[in-house]
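Novice: Provided herewith is a single structure, encoded as structure tokens, for subsequent inquiry.
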Amino acid sequence: MKLHSRALASIIIAAFLFTLEVPLAYSQSDSMVVELNNEGVRALSAQNFSLAISKLEESLKRDPSYGRARENLAIAYNNFGLGLAAKREFSEAIKYFHKAVYIDSNNSTSKQNLSLIVQNLGRSPNNFQDRVALGDEARKQIRTPQDWAGPIVEYQAALAIKDDPGVREKLGDVYRIIDKVDSAITEYNRAIALKDSEHLQVKLAQAFQAKKHLSEALNAINRAMAFNSKNPDALDALVAIWEDMLKNNPTSPENHLGLARALVSRGDFGGANAELQQAIRFSPGESNSEAQQLLSTLPRLQREDAIVRHMNNGRDLQKHGDLDGAMEEFKQALTCSPNEADGWASLASIYYAKRDFDNAFQAYKQALNFDPDHQEAKKGLQLAQAAITAAQMVMSSPNTKAESTSTTQVALVQQNGGPLVTRNVKQLTASNSTGQKLGRCHAILVATEKYSHQGYSKLSNPIRDARDIREILTKFYGWDVDILENRSKLDIMDTIIEAVNKNPEYDELFIYFAGHGDWDNNLHDGMIVTSDSRDKDRTRDSYITYSELKTLLERGACKKVLLALDVCFGGAFLDQIGRTRSSGTDIYQRSTLDDCIVRIKDRYTRKLVTPGEKEPVYEGLPGQHSPLARNLLRTLVQKGGDRGFVRFIDLEAATMDTKPMGRAAGFSDSDDPTSDFIFVPMRRN
């Protein structure tokens, strides 16, 4: 960034007016301190600012209270910064102005020069966010102890513009790091006065503990636990404080009892037992009713803690799609407490997700035995009963009548990436027994290879993949297909919004994305990159985020939607609801086409297939199909020709054959696990 001429002039004038020759100092202080200061002054006079800084820093290190060395060092920092600014090394120059202002806050010249450097870095010295950002940047660039001046000066400048609890907390953190604990306590208290929180109280407690002010530390931790008694940082700090109290007085029964309570809160029941024994031992007559009572309740507390731990672990595993792991945790919870209604309901939800409806039904009944008003169990029992009834109806249906077939040729790329070949496939030409039909079937195929954002490379295969899928869907299945190639976010979203809100009784909507995908750790969201996605778009408004797309598809009127994300990080689309794939058990394996159409008639379908987890995926060699596109094409041709129609479980098998293994599941809580998404070849005479 170029230095503005007016700003450069101001800095040069400042250097001319304020580069002072400081008189030598003589005092009764330590002779070495004075001599180092005087050597620094002589170096200043010779404009050897590096040497001056070295001598004056050493003088101040020997005697931090020596004011003359502090003033001189501020001048040396300032003048060295001026030299860097003259060479337009603004990022380095600002570090020295930070140091000058930090050690001598009354040095108005250094403050003026700092403001000019901030401007020449493209920031405003009077903008709160700019000063906070400069403080954050300075904090990331710490190389020496003196560099901590940067974040301190910038955070203080931001606070002079606007008082803010977050900046107070950052400033307190810096003071704790450089062992200015009293200043840290002051900043944390000021932040708490603006907006109290558990993590601020924990930090305040830790600062008090560092000062050995254990009573104040304990009070702060108690305030933190009033927000959240299970905060792990607060529990660790509570144990540490009581351990320090015990070091101060190892024979105090109260200290052993306090540590025991802290250990119970943290789930360390063995340690708590030992401390309670010590509390009794050091009590008069080796009798302590409070310790003995807590000791007698430890088995119950340990059992209750295990239940909570297993239930929380199970819910977390279920959220992230590990159904087997979640099932094991819920079973462990029920081993600890067989009468736990929440445990039975949670176990039932796992059975239901795995399509084991009989066991789900029984588990929901158990939950209601122990809590007849358990709402989740009531609702789950109804769903499980409906699924069992539907499965029984399918199994008892008569077989489909023989179907006449004709032959058509469909282009397909070989798995090994060889040339296009044709395959003769059977095509359904006669109605099934009751003449059930699907309504209008519509596909939107979005393929992006070229990007305005330079951070995303040009791709080779998405358009080829989409065009070949269109070929199969239009010529073999008779679908209406819109293909969007290298289109903007607005064009894509407009097309999807229009399609998803059309709602004939049997309509199916298939949406396929091929191109770049991305993941944003700050937003905790994945996204599809469109041709016009922008660089430096922190809010990702120019991308199609997974949360945005999921909300749109969930609320659409169309009952049956299948989404295919042939992009990187596509598996993250399912993370929000904790599903990875269905169980693979096909209770409708013997279903006829009639059965399938009748079964899905009134059921809400929101399903997804994608080639990987939250990770990059392989595009395929140029001129070939991606692994997912190749497997989808093969499934649509083979299954549609041999059996006469394709079901979602067939597509799931296609995703499991990709490397890395893909994911296939319902992507909405409103997706009915007993629903389906089917592709039926068009009928020809």
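Ordering of the structure tokens sets the chain letters (A, B, ...); residue numbers start at 1 within each chain; ligands are numbered from 1 in the order shown.
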For the helix (DSSP H, G or I) assignment from backbone DSSP, which residues of range 476-658 of chain A qualify? Please present them as a PDB file with C-alpha atoms, in the first residue's frame.
Specialist:
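That gives us part-v9.pdb:
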```pdb
ATOM      1  CA  LYS A 489     -26.721 -18.109  -7.673  1.00  0.00           C
ATOM      2  CA  LEU A 490     -29.787 -16.006  -8.475  1.00  0.00           C
ATOM      3  CA  ASP A 491     -30.614 -18.035 -11.608  1.00  0.00           C
ATOM      4  CA  ILE A 492     -30.177 -21.323  -9.769  1.00  0.00           C
ATOM      5  CA  MET A 493     -32.231 -20.349  -6.719  1.00  0.00           C
ATOM      6  CA  ASP A 494     -35.035 -18.863  -8.849  1.00  0.00           C
ATOM      7  CA  THR A 495     -35.330 -22.140 -10.789  1.00  0.00           C
ATOM      8  CA  ILE A 496     -35.378 -24.264  -7.628  1.00  0.00           C
ATOM      9  CA  ILE A 497     -37.871 -22.009  -5.820  1.00  0.00           C
ATOM     10  CA  GLU A 498     -40.307 -22.225  -8.730  1.00  0.00           C
ATOM     11  CA  ALA A 499     -39.990 -26.008  -9.036  1.00  0.00           C
ATOM     12  CA  VAL A 500     -40.164 -26.921  -5.355  1.00  0.00           C
ATOM     13  CA  TYR A 546     -26.368 -25.882   2.895  1.00  0.00           C
ATOM     14  CA  SER A 547     -28.507 -24.351   5.640  1.00  0.00           C
ATOM     15  CA  GLU A 548     -30.121 -21.993   3.105  1.00  0.00           C
ATOM     16  CA  LEU A 549     -30.801 -24.807   0.620  1.00  0.00           C
ATOM     17  CA  LYS A 550     -32.050 -27.183   3.313  1.00  0.00           C
ATOM     18  CA  THR A 551     -34.535 -24.589   4.602  1.00  0.00           C
ATOM     19  CA  LEU A 552     -35.831 -23.911   1.079  1.00  0.00           C
ATOM     20  CA  LEU A 553     -36.339 -27.598   0.282  1.00  0.00           C
ATOM     21  CA  GLU A 554     -37.903 -28.348   3.674  1.00  0.00           C
ATOM     22  CA  ARG A 555     -40.546 -25.642   3.243  1.00  0.00           C
ATOM     23  CA  GLY A 570     -21.472 -32.694   0.606  1.00  0.00           C
ATOM     24  CA  GLY A 571     -21.755 -34.994   3.622  1.00  0.00           C
ATOM     25  CA  ALA A 572     -21.885 -31.929   5.884  1.00  0.00           C
ATOM     26  CA  PHE A 573     -25.417 -31.346   4.573  1.00  0.00           C
ATOM     27  CA  LEU A 574     -26.579 -34.176   6.842  1.00  0.00           C
ATOM     28  CA  LEU A 593     -44.370 -50.787  -8.730  1.00  0.00           C
ATOM     29  CA  ASP A 594     -48.045 -50.517  -7.736  1.00  0.00           C
ATOM     30  CA  ASP A 595     -47.131 -51.049  -4.095  1.00  0.00           C
ATOM     31  CA  CYS A 596     -44.431 -48.373  -4.210  1.00  0.00           C
ATOM     32  CA  ILE A 597     -46.634 -45.756  -5.830  1.00  0.00           C
ATOM     33  CA  VAL A 598     -49.492 -46.380  -3.406  1.00  0.00           C
ATOM     34  CA  ARG A 599     -47.141 -46.395  -0.423  1.00  0.00           C
ATOM     35  CA  ILE A 600     -45.471 -43.077  -1.216  1.00  0.00           C
ATOM     36  CA  PRO A 627     -17.625 -41.522  -9.204  1.00  0.00           C
ATOM     37  CA  LEU A 628     -21.126 -40.513  -8.102  1.00  0.00           C
ATOM     38  CA  ALA A 629     -22.348 -39.586 -11.600  1.00  0.00           C
ATOM     39  CA  ARG A 630     -20.954 -42.842 -13.017  1.00  0.00           C
ATOM     40  CA  ASN A 631     -22.725 -44.943 -10.385  1.00  0.00           C
ATOM     41  CA  LEU A 632     -26.010 -43.025 -10.717  1.00  0.00           C
ATOM     42  CA  LEU A 633     -25.989 -43.518 -14.484  1.00  0.00           C
ATOM     43  CA  ARG A 634     -25.251 -47.236 -14.149  1.00  0.00           C
ATOM     44  CA  THR A 635     -28.040 -47.662 -11.593  1.00  0.00           C
ATOM     45  CA  LEU A 636     -30.602 -45.775 -13.679  1.00  0.00           C
ATOM     46  CA  VAL A 637     -29.789 -47.915 -16.729  1.00  0.00           C
ATOM     47  CA  GLN A 638     -29.373 -51.341 -15.124  1.00  0.00           C
ATOM     48  CA  LYS A 639     -32.030 -51.257 -12.404  1.00  0.00           C
ATOM     49  CA  GLY A 640     -34.498 -49.329 -14.527  1.00  0.00           C
ATOM     50  CA  GLY A 641     -34.085 -51.820 -17.360  1.00  0.00           C
ATOM     51  CA  ASP A 642     -33.857 -55.101 -15.473  1.00  0.00           C
ATOM     52  CA  PHE A 648     -33.945 -44.804  -3.339  1.00  0.00           C
ATOM     53  CA  ILE A 649     -32.252 -47.824  -1.781  1.00  0.00           C
ATOM     54  CA  ASP A 650     -30.720 -48.529  -5.211  1.00  0.00           C
ATOM     55  CA  LEU A 651     -29.264 -45.023  -5.248  1.00  0.00           C
ATOM     56  CA  GLU A 652     -27.996 -45.543  -1.720  1.00  0.00           C
ATOM     57  CA  ALA A 653     -26.097 -48.615  -2.885  1.00  0.00           C
ATOM     58  CA  ALA A 654     -24.615 -46.486  -5.686  1.00  0.00           C
ATOM     59  CA  THR A 655     -23.254 -43.947  -3.182  1.00  0.00           C
ATOM     60  CA  MET A 656     -21.733 -46.651  -1.004  1.00  0.00           C
TER      61      MET A 656
END
```
Novice: Give me, as a VMD selection string, all polymer residues having an atom no more than 7 Å from range 77-89 of chain A, counting only C-alpha atoms and skipping those fewer than 2 positions away in the same chain.
Specialist: chain A and resid 3 15 19 49 53 73 to 75 91 to 94 96 to 97 99 to 100 110
Novice: Mind checking which residues fall within 9 Å of Asp371 in chain A, counting only C-alpha atoms, ignoring those fewer than 6 positions away in the same chain, and posting them as number ranges by chain?
Specialist: A: 340-342, 377
Novice: Output N, CA, C and O atoms for every residue in the selection just made, as a PDB file, in the first residue's frame.
Specialist:
```pdb
ATOM      1  N   GLU A 340     -35.706 -45.920  33.221  1.00  0.00           N
ATOM      2  CA  GLU A 340     -35.515 -44.571  32.687  1.00  0.00           C
ATOM      3  C   GLU A 340     -36.305 -44.416  31.387  1.00  0.00           C
ATOM      4  O   GLU A 340     -35.936 -44.964  30.342  1.00  0.00           O
ATOM      5  N   ALA A 341     -37.397 -43.651  31.435  1.00  0.00           N
ATOM      6  CA  ALA A 341     -38.251 -43.481  30.252  1.00  0.00           C
ATOM      7  C   ALA A 341     -37.502 -42.811  29.109  1.00  0.00           C
ATOM      8  O   ALA A 341     -37.649 -43.193  27.937  1.00  0.00           O
ATOM      9  N   ASP A 342     -36.685 -41.791  29.425  1.00  0.00           N
ATOM     10  CA  ASP A 342     -35.920 -41.110  28.372  1.00  0.00           C
ATOM     11  C   ASP A 342     -34.975 -42.079  27.673  1.00  0.00           C
ATOM     12  O   ASP A 342     -34.755 -41.996  26.457  1.00  0.00           O
ATOM     13  N   ALA A 377     -42.383 -40.455  23.253  1.00  0.00           N
ATOM     14  CA  ALA A 377     -42.721 -41.873  23.144  1.00  0.00           C
ATOM     15  C   ALA A 377     -44.114 -42.059  22.542  1.00  0.00           C
ATOM     16  O   ALA A 377     -44.338 -42.978  21.749  1.00  0.00           O
TER      17      ALA A 377
END
```
Novice: Would you kindly return, as a PyMOL selection string, each protein, DNA or RNA residue with an atom no farther than 6 Å from any atom of Leu347 in chain A, considering only C-alpha atoms and excluding same-chain residues fewer than 3 positions away?
Specialist: chain A and resi 330+344+350
Novice: So which residues touch Asp236 in chain A within 9 Å, counting only C-alpha atoms, skipping near sequence neighbours fewer than 4 positions away, as a VMD selection string?
Specialist: chain A and resid 231 to 232 240 to 241 262 to 263 266
Novice: Pick the closest to Val153 in chain A from A:Val181, A:Arg139, A:Asn38, A:Val101: which is it, counting only C-alpha atoms?
Specialist: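 Smallest distance to Val153 in chain A is found for A:Val101.
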Novice: Just the residues within 12 Å of Ile528 in chain A, please, counting only C-alpha atoms, with nothing from its chain fewer than 4 positions along; format it as a PyMOL selection string.
Specialist: chain A and resi 446-448+451+456+488-489+492-493+512-520+532-533+540-549+564-570+572-573
Novice: Restricting it to N, CA and C atoms, dump the selection as a short mmCIF file (atom, residue, chain, number, x, y, z; two decimals), in the first residue's frame.
Specialist:
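Done, and the output landed in again_20.cif:
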```
data_model
loop_
_atom_site.label_atom_id
_atom_site.label_comp_id
_atom_site.auth_asym_id
_atom_site.auth_seq_id
_atom_site.Cartn_x
_atom_site.Cartn_y
_atom_site.Cartn_z
N VAL A 446 -27.64 -28.86 -12.09
CA VAL A 446 -26.80 -27.66 -12.00
C VAL A 446 -25.34 -28.09 -12.13
N ALA A 447 -24.66 -27.60 -13.15
CA ALA A 447 -23.27 -27.97 -13.40
C ALA A 447 -22.43 -26.71 -13.56
N THR A 448 -21.38 -26.60 -12.76
CA THR A 448 -20.53 -25.41 -12.81
C THR A 448 -19.07 -25.83 -12.97
N TYR A 451 -15.40 -20.43 -12.72
CA TYR A 451 -15.67 -19.63 -11.53
C TYR A 451 -14.98 -18.28 -11.63
N TYR A 456 -10.98 -20.95 -6.84
CA TYR A 456 -11.54 -22.24 -7.24
C TYR A 456 -11.11 -22.56 -8.67
N SER A 488 -25.49 -18.23 -12.38
CA SER A 488 -25.35 -17.47 -11.14
C SER A 488 -26.20 -18.06 -10.03
N LYS A 489 -25.92 -17.66 -8.80
CA LYS A 489 -26.72 -18.11 -7.67
C LYS A 489 -28.18 -17.71 -7.86
N ILE A 492 -29.99 -19.98 -10.32
CA ILE A 492 -30.18 -21.32 -9.77
C ILE A 492 -31.29 -21.33 -8.73
N MET A 493 -31.24 -20.37 -7.79
CA MET A 493 -32.23 -20.35 -6.72
C MET A 493 -33.62 -20.04 -7.26
N TYR A 512 -29.78 -31.92 -8.84
CA TYR A 512 -28.41 -32.44 -8.89
C TYR A 512 -27.44 -31.27 -9.03
N PHE A 513 -26.44 -31.22 -8.14
CA PHE A 513 -25.40 -30.21 -8.20
C PHE A 513 -24.06 -30.89 -8.48
N ALA A 514 -23.33 -30.37 -9.46
CA ALA A 514 -21.97 -30.85 -9.74
C ALA A 514 -21.05 -29.64 -9.84
N GLY A 515 -19.93 -29.67 -9.13
CA GLY A 515 -19.00 -28.55 -9.15
C GLY A 515 -18.22 -28.49 -7.85
N HIS A 516 -17.79 -27.29 -7.49
CA HIS A 516 -17.03 -27.10 -6.25
C HIS A 516 -17.98 -26.95 -5.07
N GLY A 517 -17.59 -27.55 -3.94
CA GLY A 517 -18.23 -27.30 -2.66
C GLY A 517 -17.18 -26.81 -1.68
N ASP A 518 -17.63 -26.22 -0.58
CA ASP A 518 -16.67 -25.67 0.38
C ASP A 518 -17.25 -25.81 1.78
N TRP A 519 -16.39 -25.53 2.78
CA TRP A 519 -16.79 -25.57 4.19
C TRP A 519 -16.22 -24.35 4.88
N ASP A 520 -17.03 -23.68 5.71
CA ASP A 520 -16.60 -22.48 6.43
C ASP A 520 -16.62 -22.79 7.93
N ASP A 532 -20.68 -17.16 -9.87
CA ASP A 532 -20.46 -15.77 -9.47
C ASP A 532 -20.17 -15.63 -7.98
N SER A 533 -19.81 -16.72 -7.29
CA SER A 533 -19.43 -16.61 -5.88
C SER A 533 -18.20 -15.72 -5.76
N ARG A 540 -20.68 -15.22 3.04
CA ARG A 540 -20.99 -16.26 2.05
C ARG A 540 -22.36 -16.05 1.40
N ASP A 541 -22.78 -14.79 1.28
CA ASP A 541 -24.07 -14.50 0.65
C ASP A 541 -24.07 -14.86 -0.83
N SER A 542 -22.91 -14.88 -1.47
CA SER A 542 -22.86 -15.20 -2.90
C SER A 542 -22.71 -16.70 -3.15
N TYR A 543 -22.75 -17.50 -2.11
CA TYR A 543 -22.72 -18.95 -2.21
C TYR A 543 -24.11 -19.49 -1.87
N ILE A 544 -24.38 -20.73 -2.25
CA ILE A 544 -25.60 -21.40 -1.81
C ILE A 544 -25.22 -22.25 -0.60
N THR A 545 -25.49 -21.75 0.60
CA THR A 545 -25.12 -22.49 1.80
C THR A 545 -26.06 -23.66 2.00
N TYR A 546 -25.55 -24.69 2.66
CA TYR A 546 -26.37 -25.88 2.89
C TYR A 546 -27.57 -25.56 3.76
N SER A 547 -27.38 -24.70 4.78
CA SER A 547 -28.51 -24.35 5.64
C SER A 547 -29.58 -23.61 4.86
N GLU A 548 -29.17 -22.74 3.94
CA GLU A 548 -30.12 -21.99 3.10
C GLU A 548 -30.89 -22.94 2.18
N LEU A 549 -30.17 -23.87 1.54
CA LEU A 549 -30.80 -24.81 0.62
C LEU A 549 -31.71 -25.77 1.37
N ALA A 564 -29.04 -34.48 -4.94
CA ALA A 564 -27.73 -35.10 -5.13
C ALA A 564 -26.67 -33.99 -5.11
N LEU A 565 -25.74 -34.07 -4.18
CA LEU A 565 -24.67 -33.09 -4.06
C LEU A 565 -23.36 -33.74 -4.49
N ASP A 566 -22.99 -33.59 -5.76
CA ASP A 566 -21.75 -34.15 -6.28
C ASP A 566 -20.66 -33.09 -6.16
N VAL A 567 -20.40 -32.68 -4.89
CA VAL A 567 -19.47 -31.59 -4.58
C VAL A 567 -18.67 -31.99 -3.34
N CYS A 568 -17.57 -31.27 -3.11
CA CYS A 568 -16.80 -31.49 -1.89
C CYS A 568 -17.61 -31.08 -0.67
N PHE A 569 -17.40 -31.77 0.44
CA PHE A 569 -18.03 -31.49 1.73
C PHE A 569 -19.54 -31.69 1.70
N GLY A 570 -20.03 -32.49 0.71
CA GLY A 570 -21.47 -32.69 0.61
C GLY A 570 -22.04 -33.41 1.82
N ALA A 572 -21.56 -32.87 4.80
CA ALA A 572 -21.89 -31.93 5.88
C ALA A 572 -23.34 -31.51 5.84
N PHE A 573 -24.00 -31.70 4.69
CA PHE A 573 -25.42 -31.35 4.57
C PHE A 573 -26.26 -32.12 5.59
#
```
Novice: At what distance in Å, to one decimal, does CA of Pro462 in chain A lie from CA of Phe476 in chain A?
Specialist: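 Answer for the CA of Phe476 in chain A to CA of Pro462 in chain A separation: 21.0 Å.
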Novice: Neighbours of Asp535 in chain A within 9 Å (only C-alpha atoms; same-chain residues fewer than 4 positions away dropped), as a PyMOL selection string?
Specialist: chain A and resi 452-455
Novice: Suppose you want the space between CA of Lys61 in chain A and CA of Val41 in chain A; what is it in Å?
Specialist: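 Between CA of Lys61 in chain A and CA of Val41 in chain A the gap works out to 16.3 Å.
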Novice: Please indicate the distance in Å from CA of Asp322 in chain A to CA of Lys354 in chain A, rounded to one decimal place.
Specialist: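 Distance reported for this atom pair: 11.0 Å.
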